[in-house]
>>> print(open('model.cif').read())   # mmCIF, C-alpha atoms
data_my_file
#
loop_
_atom_site.group_PDB
_atom_site.id
_atom_site.type_symbol
_atom_site.label_atom_id
_atom_site.label_comp_id
_atom_site.auth_asym_id
_atom_site.auth_seq_id
_atom_site.Cartn_x
_atom_site.Cartn_y
_atom_site.Cartn_z
ATOM 1 C CA MET A 1 0.000 0.000 0.000
ATOM 2 C CA LYS A 2 1.198 3.496 -0.887
ATOM 3 C CA LEU A 3 0.266 6.822 0.687
ATOM 4 C CA ILE A 4 0.438 10.001 -1.393
ATOM 5 C CA VAL A 5 -0.076 13.162 0.671
ATOM 6 C CA GLY A 6 -0.740 16.618 -0.700
ATOM 7 C CA LEU A 7 -0.010 19.465 1.715
ATOM 8 C CA GLY A 8 -2.257 22.497 1.953
ATOM 9 C CA ASN A 9 -4.575 24.481 4.181
ATOM 10 C CA PRO A 10 -8.279 23.667 4.512
ATOM 11 C CA GLY A 11 -10.964 26.244 3.821
ATOM 12 C CA LYS A 12 -12.235 28.310 0.923
ATOM 13 C CA GLU A 13 -9.962 31.264 1.690
ATOM 14 C CA TYR A 14 -6.893 29.110 0.987
ATOM 15 C CA GLN A 15 -8.107 27.468 -2.219
ATOM 16 C CA ASN A 16 -5.804 28.135 -5.162
ATOM 17 C CA THR A 17 -3.086 29.713 -3.036
ATOM 18 C CA ARG A 18 0.567 28.875 -3.616
ATOM 19 C CA HIS A 19 0.763 26.991 -0.307
ATOM 20 C CA ASN A 20 -2.043 24.669 -1.486
ATOM 21 C CA VAL A 21 -0.278 23.347 -4.558
ATOM 22 C CA GLY A 22 -0.006 19.927 -2.846
ATOM 23 C CA PHE A 23 -3.808 19.766 -2.601
ATOM 24 C CA MET A 24 -4.061 20.813 -6.262
ATOM 25 C CA VAL A 25 -1.775 17.975 -7.350
ATOM 26 C CA ILE A 26 -3.787 15.395 -5.376
ATOM 27 C CA ASP A 27 -7.109 16.766 -6.665
ATOM 28 C CA PHE A 28 -5.860 16.676 -10.258
ATOM 29 C CA LEU A 29 -4.698 13.069 -9.920
ATOM 30 C CA ALA A 30 -7.993 12.027 -8.298
ATOM 31 C CA SER A 31 -9.996 13.717 -11.051
ATOM 32 C CA SER A 32 -7.831 12.040 -13.720
ATOM 33 C CA LEU A 33 -8.510 8.668 -12.102
ATOM 34 C CA GLY A 34 -12.245 9.379 -11.809
ATOM 35 C CA VAL A 35 -12.314 9.247 -7.997
ATOM 36 C CA VAL A 36 -13.532 11.723 -5.396
ATOM 37 C CA ILE A 37 -11.640 12.546 -2.222
ATOM 38 C CA ASN A 38 -14.531 12.442 0.214
ATOM 39 C CA LYS A 39 -13.761 9.950 2.996
ATOM 40 C CA LYS A 40 -13.047 11.445 6.414
ATOM 41 C CA PHE A 41 -10.630 10.047 8.985
ATOM 42 C CA LYS A 42 -8.766 11.705 11.874
ATOM 43 C CA GLY A 43 -8.676 15.239 10.558
ATOM 44 C CA SER A 44 -8.304 14.438 6.878
ATOM 45 C CA LEU A 45 -9.989 13.860 3.565
ATOM 46 C CA TYR A 46 -8.861 10.847 1.595
ATOM 47 C CA THR A 47 -9.780 8.228 -0.943
ATOM 48 C CA GLU A 48 -8.493 4.784 -1.759
ATOM 49 C CA VAL A 49 -7.800 3.772 -5.323
ATOM 50 C CA ASN A 50 -6.211 0.802 -7.060
ATOM 51 C CA ILE A 51 -3.437 1.669 -9.510
ATOM 52 C CA ASP A 52 -1.854 -1.232 -11.393
ATOM 53 C CA GLY A 53 -2.835 -3.673 -8.650
ATOM 54 C CA GLU A 54 -1.459 -1.482 -5.845
ATOM 55 C CA LYS A 55 -3.761 -0.013 -3.206
ATOM 56 C CA VAL A 56 -3.076 3.729 -2.947
ATOM 57 C CA ILE A 57 -4.412 6.301 -0.496
ATOM 58 C CA LEU A 58 -4.639 9.899 -1.696
ATOM 59 C CA LEU A 59 -4.617 12.108 1.394
ATOM 60 C CA LYS A 60 -5.317 15.781 2.090
ATOM 61 C CA PRO A 61 -4.770 16.597 5.791
ATOM 62 C CA GLN A 62 -7.428 19.040 6.979
ATOM 63 C CA HIS A 63 -5.427 20.642 9.774
ATOM 64 C CA TYR A 64 -3.406 23.678 8.824
ATOM 65 C CA ILE A 65 -0.322 22.818 6.797
ATOM 66 C CA ASN A 66 2.012 23.219 9.779
ATOM 67 C CA LEU A 67 0.076 20.472 11.631
ATOM 68 C CA SER A 68 0.083 17.826 8.867
ATOM 69 C CA GLY A 69 2.497 15.452 10.592
ATOM 70 C CA GLN A 70 0.041 13.999 13.097
ATOM 71 C CA VAL A 71 -2.470 13.140 10.363
ATOM 72 C CA ILE A 72 0.199 11.366 8.304
ATOM 73 C CA ALA A 73 1.471 9.458 11.352
ATOM 74 C CA ASP A 74 -2.111 8.392 12.194
ATOM 75 C CA PHE A 75 -2.636 7.068 8.654
ATOM 76 C CA MET A 76 0.664 5.216 8.681
ATOM 77 C CA ARG A 77 -0.217 3.495 11.954
ATOM 78 C CA TYR A 78 -3.832 2.703 11.126
ATOM 79 C CA PHE A 79 -3.178 1.392 7.606
ATOM 80 C CA LYS A 80 0.247 -0.084 8.541
ATOM 81 C CA ILE A 81 2.084 1.898 5.881
ATOM 82 C CA ASP A 82 5.875 1.943 5.959
ATOM 83 C CA VAL A 83 7.646 5.316 5.710
ATOM 84 C CA ASN A 84 9.278 4.050 2.481
ATOM 85 C CA ASP A 85 5.821 3.881 0.885
ATOM 86 C CA ILE A 86 4.785 7.503 1.404
ATOM 87 C CA LEU A 87 5.266 10.469 -0.892
ATOM 88 C CA VAL A 88 4.580 14.022 0.304
ATOM 89 C CA VAL A 89 3.742 16.696 -2.293
ATOM 90 C CA ASN A 90 4.558 20.232 -1.147
ATOM 91 C CA ASP A 91 5.185 23.747 -2.415
ATOM 92 C CA ASP A 92 8.770 25.000 -2.563
ATOM 93 C CA LEU A 93 9.803 28.669 -2.558
ATOM 94 C CA ASP A 94 13.334 27.818 -3.673
ATOM 95 C CA LEU A 95 12.199 26.221 -6.933
ATOM 96 C CA LYS A 96 11.080 28.321 -9.867
ATOM 97 C CA LEU A 97 7.391 28.139 -10.822
ATOM 98 C CA GLY A 98 7.089 25.535 -13.554
ATOM 99 C CA THR A 99 9.662 23.209 -12.009
ATOM 100 C CA TYR A 100 9.589 20.322 -9.566
ATOM 101 C CA LYS A 101 12.037 18.036 -7.818
ATOM 102 C CA LEU A 102 11.766 14.547 -6.377
ATOM 103 C CA LYS A 103 13.778 13.931 -3.192
ATOM 104 C CA MET A 104 14.320 10.800 -1.130
ATOM 105 C CA GLN A 105 14.963 12.691 2.099
ATOM 106 C CA GLY A 106 16.197 15.976 3.465
ATOM 107 C CA GLY A 107 15.537 18.835 5.802
ATOM 108 C CA SER A 108 12.499 21.058 5.867
ATOM 109 C CA ALA A 109 14.212 24.101 4.279
ATOM 110 C CA GLY A 110 12.024 26.241 6.548
ATOM 111 C CA HIS A 111 8.729 24.685 5.386
ATOM 112 C CA ASN A 112 6.621 24.379 8.549
ATOM 113 C CA GLY A 113 4.541 21.513 7.175
ATOM 114 C CA LEU A 114 7.690 19.460 6.519
ATOM 115 C CA LYS A 115 9.072 20.366 9.967
ATOM 116 C CA ASN A 116 5.900 18.993 11.554
ATOM 117 C CA ILE A 117 6.056 15.812 9.484
ATOM 118 C CA GLU A 118 9.681 15.244 10.540
ATOM 119 C CA GLN A 119 8.669 15.748 14.165
ATOM 120 C CA HIS A 120 5.794 13.229 14.029
ATOM 121 C CA LEU A 121 7.595 10.638 11.896
ATOM 122 C CA SER A 122 10.865 11.072 13.833
ATOM 123 C CA THR A 123 12.777 11.088 10.553
ATOM 124 C CA GLN A 124 13.726 13.235 7.576
ATOM 125 C CA GLU A 125 13.860 10.107 5.427
ATOM 126 C CA TYR A 126 10.581 10.242 3.559
ATOM 127 C CA LYS A 127 10.046 10.880 -0.138
ATOM 128 C CA ARG A 128 8.875 14.237 -1.460
ATOM 129 C CA LEU A 129 7.721 15.819 -4.661
ATOM 130 C CA LYS A 130 8.536 19.507 -4.332
ATOM 131 C CA ILE A 131 6.572 21.834 -6.625
ATOM 132 C CA GLY A 132 8.189 25.177 -7.418
ATOM 133 C CA ILE A 133 6.173 28.287 -6.637
ATOM 134 C CA SER A 134 9.087 30.768 -7.038
ATOM 135 C CA ASN A 135 9.741 33.444 -4.454
ATOM 136 C CA ASN A 136 9.081 37.146 -4.483
ATOM 137 C CA LYS A 137 11.579 38.726 -2.088
ATOM 138 C CA ASP A 138 9.550 41.973 -2.157
ATOM 139 C CA ILE A 139 6.649 40.255 -0.350
ATOM 140 C CA ASP A 140 6.768 38.685 3.108
ATOM 141 C CA ALA A 141 7.140 34.905 2.615
ATOM 142 C CA ARG A 142 3.977 34.148 4.621
ATOM 143 C CA ASP A 143 1.912 36.577 2.547
ATOM 144 C CA TYR A 144 3.453 35.264 -0.662
ATOM 145 C CA VAL A 145 2.700 31.561 -0.037
ATOM 146 C CA LEU A 146 -0.857 32.437 1.034
ATOM 147 C CA GLY A 147 -1.319 34.560 -2.097
ATOM 148 C CA HIS A 148 -3.170 33.421 -5.205
ATOM 149 C CA PHE A 149 -1.599 32.514 -8.520
ATOM 150 C CA SER A 150 -1.880 35.089 -11.288
ATOM 151 C CA LYS A 151 -3.530 34.114 -14.589
ATOM 152 C CA GLY A 152 -0.130 33.538 -16.203
ATOM 153 C CA GLU A 153 1.080 31.496 -13.232
ATOM 154 C CA LYS A 154 -2.068 29.342 -13.403
ATOM 155 C CA GLU A 155 -1.276 28.476 -17.027
ATOM 156 C CA ILE A 156 2.205 27.309 -16.020
ATOM 157 C CA LEU A 157 0.726 25.373 -13.099
ATOM 158 C CA GLU A 158 -1.709 23.539 -15.423
ATOM 159 C CA GLU A 159 1.265 22.077 -17.329
ATOM 160 C CA ILE A 160 2.893 20.970 -14.062
ATOM 161 C CA LEU A 161 -0.300 19.285 -12.844
ATOM 162 C CA GLU A 162 -0.377 17.119 -15.968
ATOM 163 C CA GLU A 163 3.261 16.102 -15.481
ATOM 164 C CA THR A 164 2.899 15.452 -11.760
ATOM 165 C CA LYS A 165 -0.010 13.113 -12.480
ATOM 166 C CA ASP A 166 2.410 10.966 -14.508
ATOM 167 C CA ILE A 167 5.041 11.187 -11.761
ATOM 168 C CA LEU A 168 2.587 10.016 -9.090
ATOM 169 C CA ILE A 169 1.379 7.091 -11.191
ATOM 170 C CA ASP A 170 4.990 6.109 -11.890
ATOM 171 C CA PHE A 171 5.707 6.378 -8.133
ATOM 172 C CA ILE A 172 3.352 3.413 -7.701
ATOM 173 C CA LYS A 173 5.161 1.339 -10.333
ATOM 174 C CA MET A 174 8.822 2.341 -10.151
ATOM 175 C CA ASP A 175 11.780 2.230 -7.810
ATOM 176 C CA PHE A 176 12.273 5.766 -6.431
ATOM 177 C CA ILE A 177 15.847 6.145 -7.723
ATOM 178 C CA ASN A 178 14.626 5.303 -11.227
ATOM 179 C CA LEU A 179 11.717 7.709 -10.758
ATOM 180 C CA MET A 180 14.109 10.530 -9.819
ATOM 181 C CA ASN A 181 16.347 9.689 -12.783
ATOM 182 C CA LYS A 182 13.360 9.767 -15.145
ATOM 183 C CA TYR A 183 11.858 13.071 -13.973
ATOM 184 C CA ASN A 184 14.425 15.250 -12.156
ATOM 185 C CA GLY A 185 16.021 17.691 -14.527
ATOM 186 C CA ARG A 186 13.230 17.454 -17.119
ATOM 187 C CA ARG A 187 12.179 21.028 -16.401
#
>>> encode(input="model.cif", output="structure tokens")
Amino acid sequence: MKLIVGLGNPGKEYQNTRHNVGFMVIDFLASSLGVVINKKFKGSLYTEVNIDGEKVILLKPQHYINLSGQVIADFMRYFKIDVNDILVVNDDLDLKLGTYKLKMQGGSAGHNGLKNIEQHLSTQEYKRLKIGISNNKDIDARDYVLGHFSKGEKEILEEILEETKDILIDFIKMDFINLMNKYNGRR
């Protein structure tokens, strides 16, 4: 069983903000697969889907992004999912909009959601798909990540959503090193 987690903030006021790009990726994949993320469990929305014979949970924690770790830990315990079988999708200020990067492990780079996950999983060794949202140094980082994408940025994001769908499906089928080799550096 695999667990794919999109990070974001719940609530209408946060929809389509840069910080919610993880939710957008999960929603796009679910829509592509013809499933709805509507099951509730321990502060989350999720769905289960079968991809190439593998049971996969698509998860959107419904606590604020900086409290996502407890939800992920609860899912891992309840469904008996190994840390090697999870992939966290998050926004990244250090990557240019229109880019992404797969990582096997690493620090939080100041991302409060990742810090909380590390705290609750007691490790930095979990897989991530980091989605670039760029950074505007003229705007406070908190205001920037909670800001909405412009029309031009949305067009770039649409292309990324299509590619990330392929990445997530390949995550189910491929060894992670091969997955990184296939996709990192494409953009």
>>> closest_residue(input="model.cif", among="A:Val21, A:Ile4, A:Ile156, A:Val83", to="Glu48 in chain A", atoms="all atoms listed in the file")
A:Ile4
>>> resolve_selection(input="model.cif", expression="the PyMOL selection byres ((chain A and resi 5) around 7)", output="count of residues only")
10
>>> resolve_selection(input="model.cif", expression="the PyMOL selection byres ((chain A and resi 119) around 12)", output="mmCIF file with C-alpha atoms, keeping the file's coordinate frame")
data_model
loop_
_atom_site.group_PDB
_atom_site.id
_atom_site.type_symbol
_atom_site.label_atom_id
_atom_site.label_comp_id
_atom_site.auth_asym_id
_atom_site.auth_seq_id
_atom_site.Cartn_x
_atom_site.Cartn_y
_atom_site.Cartn_z
ATOM 1 C CA ASN A 66 2.012 23.219 9.779
ATOM 2 C CA LEU A 67 0.076 20.472 11.631
ATOM 3 C CA SER A 68 0.083 17.826 8.867
ATOM 4 C CA GLY A 69 2.497 15.452 10.592
ATOM 5 C CA GLN A 70 0.041 13.999 13.097
ATOM 6 C CA ILE A 72 0.199 11.366 8.304
ATOM 7 C CA ALA A 73 1.471 9.458 11.352
ATOM 8 C CA GLY A 107 15.537 18.835 5.802
ATOM 9 C CA SER A 108 12.499 21.058 5.867
ATOM 10 C CA ASN A 112 6.621 24.379 8.549
ATOM 11 C CA GLY A 113 4.541 21.513 7.175
ATOM 12 C CA LEU A 114 7.690 19.460 6.519
ATOM 13 C CA LYS A 115 9.072 20.366 9.967
ATOM 14 C CA ASN A 116 5.900 18.993 11.554
ATOM 15 C CA ILE A 117 6.056 15.812 9.484
ATOM 16 C CA GLU A 118 9.681 15.244 10.540
ATOM 17 C CA HIS A 120 5.794 13.229 14.029
ATOM 18 C CA LEU A 121 7.595 10.638 11.896
ATOM 19 C CA SER A 122 10.865 11.072 13.833
ATOM 20 C CA THR A 123 12.777 11.088 10.553
ATOM 21 C CA GLN A 124 13.726 13.235 7.576
ATOM 22 C CA GLU A 125 13.860 10.107 5.427
#
>>> resolve_selection(input="model.cif", expression="the PyMOL selection byres ((chain A and resi 147) around 12)", output="ChimeraX atom specification")
/A:13-21,133,135-136,139-146,148-150,153
>>> residues_near_point(input="model.cif", point="(10.2, 25.2, -7.3)", cutoff="6 Å", atoms="all atoms listed in the file", output="list of chain:residue names")
A:Asp92, A:Leu93, A:Asp94, A:Leu95, A:Lys96, A:Leu97, A:Thr99, A:Tyr100, A:Ile131, A:Gly132, A:Ile133, A:Ser134
>>> residues_around(input="model.cif", residues="Glu162 in chain A", least_positions_apart="3", cutoff="10 Å", atoms="all atoms listed in the file", output="NGL selection string")
:A and (25 or 28-29 or 32 or 157-159 or 165-167)
>>> build_atoms(input="model.cif", residues="range 65-84 of chain A", atoms="N, CA and C atoms", output="mmCIF file, in the frame of the given file")
data_model
loop_
_atom_site.group_PDB
_atom_site.id
_atom_site.type_symbol
_atom_site.label_atom_id
_atom_site.label_comp_id
_atom_site.auth_asym_id
_atom_site.auth_seq_id
_atom_site.Cartn_x
_atom_site.Cartn_y
_atom_site.Cartn_z
ATOM 1 N N ILE A 65 -1.482 23.484 7.393
ATOM 2 C CA ILE A 65 -0.322 22.818 6.797
ATOM 3 C C ILE A 65 0.774 22.527 7.822
ATOM 4 N N ASN A 66 0.942 23.415 8.794
ATOM 5 C CA ASN A 66 2.012 23.219 9.779
ATOM 6 C C ASN A 66 1.646 22.186 10.846
ATOM 7 N N LEU A 67 0.484 21.531 10.703
ATOM 8 C CA LEU A 67 0.076 20.472 11.631
ATOM 9 C C LEU A 67 -0.219 19.169 10.879
ATOM 10 N N SER A 68 0.359 18.994 9.717
ATOM 11 C CA SER A 68 0.083 17.826 8.867
ATOM 12 C C SER A 68 0.699 16.538 9.386
ATOM 13 N N GLY A 69 1.748 16.633 10.164
ATOM 14 C CA GLY A 69 2.497 15.452 10.592
ATOM 15 C C GLY A 69 1.683 14.443 11.372
ATOM 16 N N GLN A 70 0.840 14.912 12.283
ATOM 17 C CA GLN A 70 0.041 13.999 13.097
ATOM 18 C C GLN A 70 -0.918 13.189 12.233
ATOM 19 N N VAL A 71 -1.538 13.832 11.260
ATOM 20 C CA VAL A 71 -2.470 13.140 10.363
ATOM 21 C C VAL A 71 -1.739 12.036 9.596
ATOM 22 N N ILE A 72 -0.574 12.354 9.068
ATOM 23 C CA ILE A 72 0.199 11.366 8.304
ATOM 24 C C ILE A 72 0.598 10.208 9.205
ATOM 25 N N ALA A 73 1.079 10.506 10.404
ATOM 26 C CA ALA A 73 1.471 9.458 11.352
ATOM 27 C C ALA A 73 0.274 8.569 11.705
ATOM 28 N N ASP A 74 -0.908 9.167 11.900
ATOM 29 C CA ASP A 74 -2.111 8.392 12.194
ATOM 30 C C ASP A 74 -2.445 7.435 11.047
ATOM 31 N N PHE A 75 -2.361 7.916 9.815
ATOM 32 C CA PHE A 75 -2.636 7.068 8.654
ATOM 33 C C PHE A 75 -1.632 5.931 8.550
ATOM 34 N N MET A 76 -0.376 6.253 8.768
ATOM 35 C CA MET A 76 0.664 5.216 8.681
ATOM 36 C C MET A 76 0.421 4.111 9.700
ATOM 37 N N ARG A 77 0.051 4.501 10.912
ATOM 38 C CA ARG A 77 -0.217 3.495 11.954
ATOM 39 C C ARG A 77 -1.470 2.685 11.637
ATOM 40 N N TYR A 78 -2.550 3.368 11.330
ATOM 41 C CA TYR A 78 -3.832 2.703 11.126
ATOM 42 C C TYR A 78 -3.799 1.745 9.930
ATOM 43 N N PHE A 79 -3.216 2.206 8.827
ATOM 44 C CA PHE A 79 -3.178 1.392 7.606
ATOM 45 C C PHE A 79 -1.892 0.571 7.485
ATOM 46 N N LYS A 80 -1.014 0.661 8.510
ATOM 47 C CA LYS A 80 0.247 -0.084 8.541
ATOM 48 C C LYS A 80 1.088 0.174 7.280
ATOM 49 N N ILE A 81 1.318 1.470 7.046
ATOM 50 C CA ILE A 81 2.084 1.898 5.881
ATOM 51 C C ILE A 81 3.495 2.248 6.331
ATOM 52 N N ASP A 82 4.470 1.688 5.660
ATOM 53 C CA ASP A 82 5.875 1.943 5.959
ATOM 54 C C ASP A 82 6.272 3.330 5.434
ATOM 55 N N VAL A 83 7.192 3.979 6.119
ATOM 56 C CA VAL A 83 7.646 5.316 5.710
ATOM 57 C C VAL A 83 8.222 5.294 4.288
ATOM 58 N N ASN A 84 8.737 4.162 3.844
ATOM 59 C CA ASN A 84 9.278 4.050 2.481
ATOM 60 C C ASN A 84 8.185 4.082 1.417
#
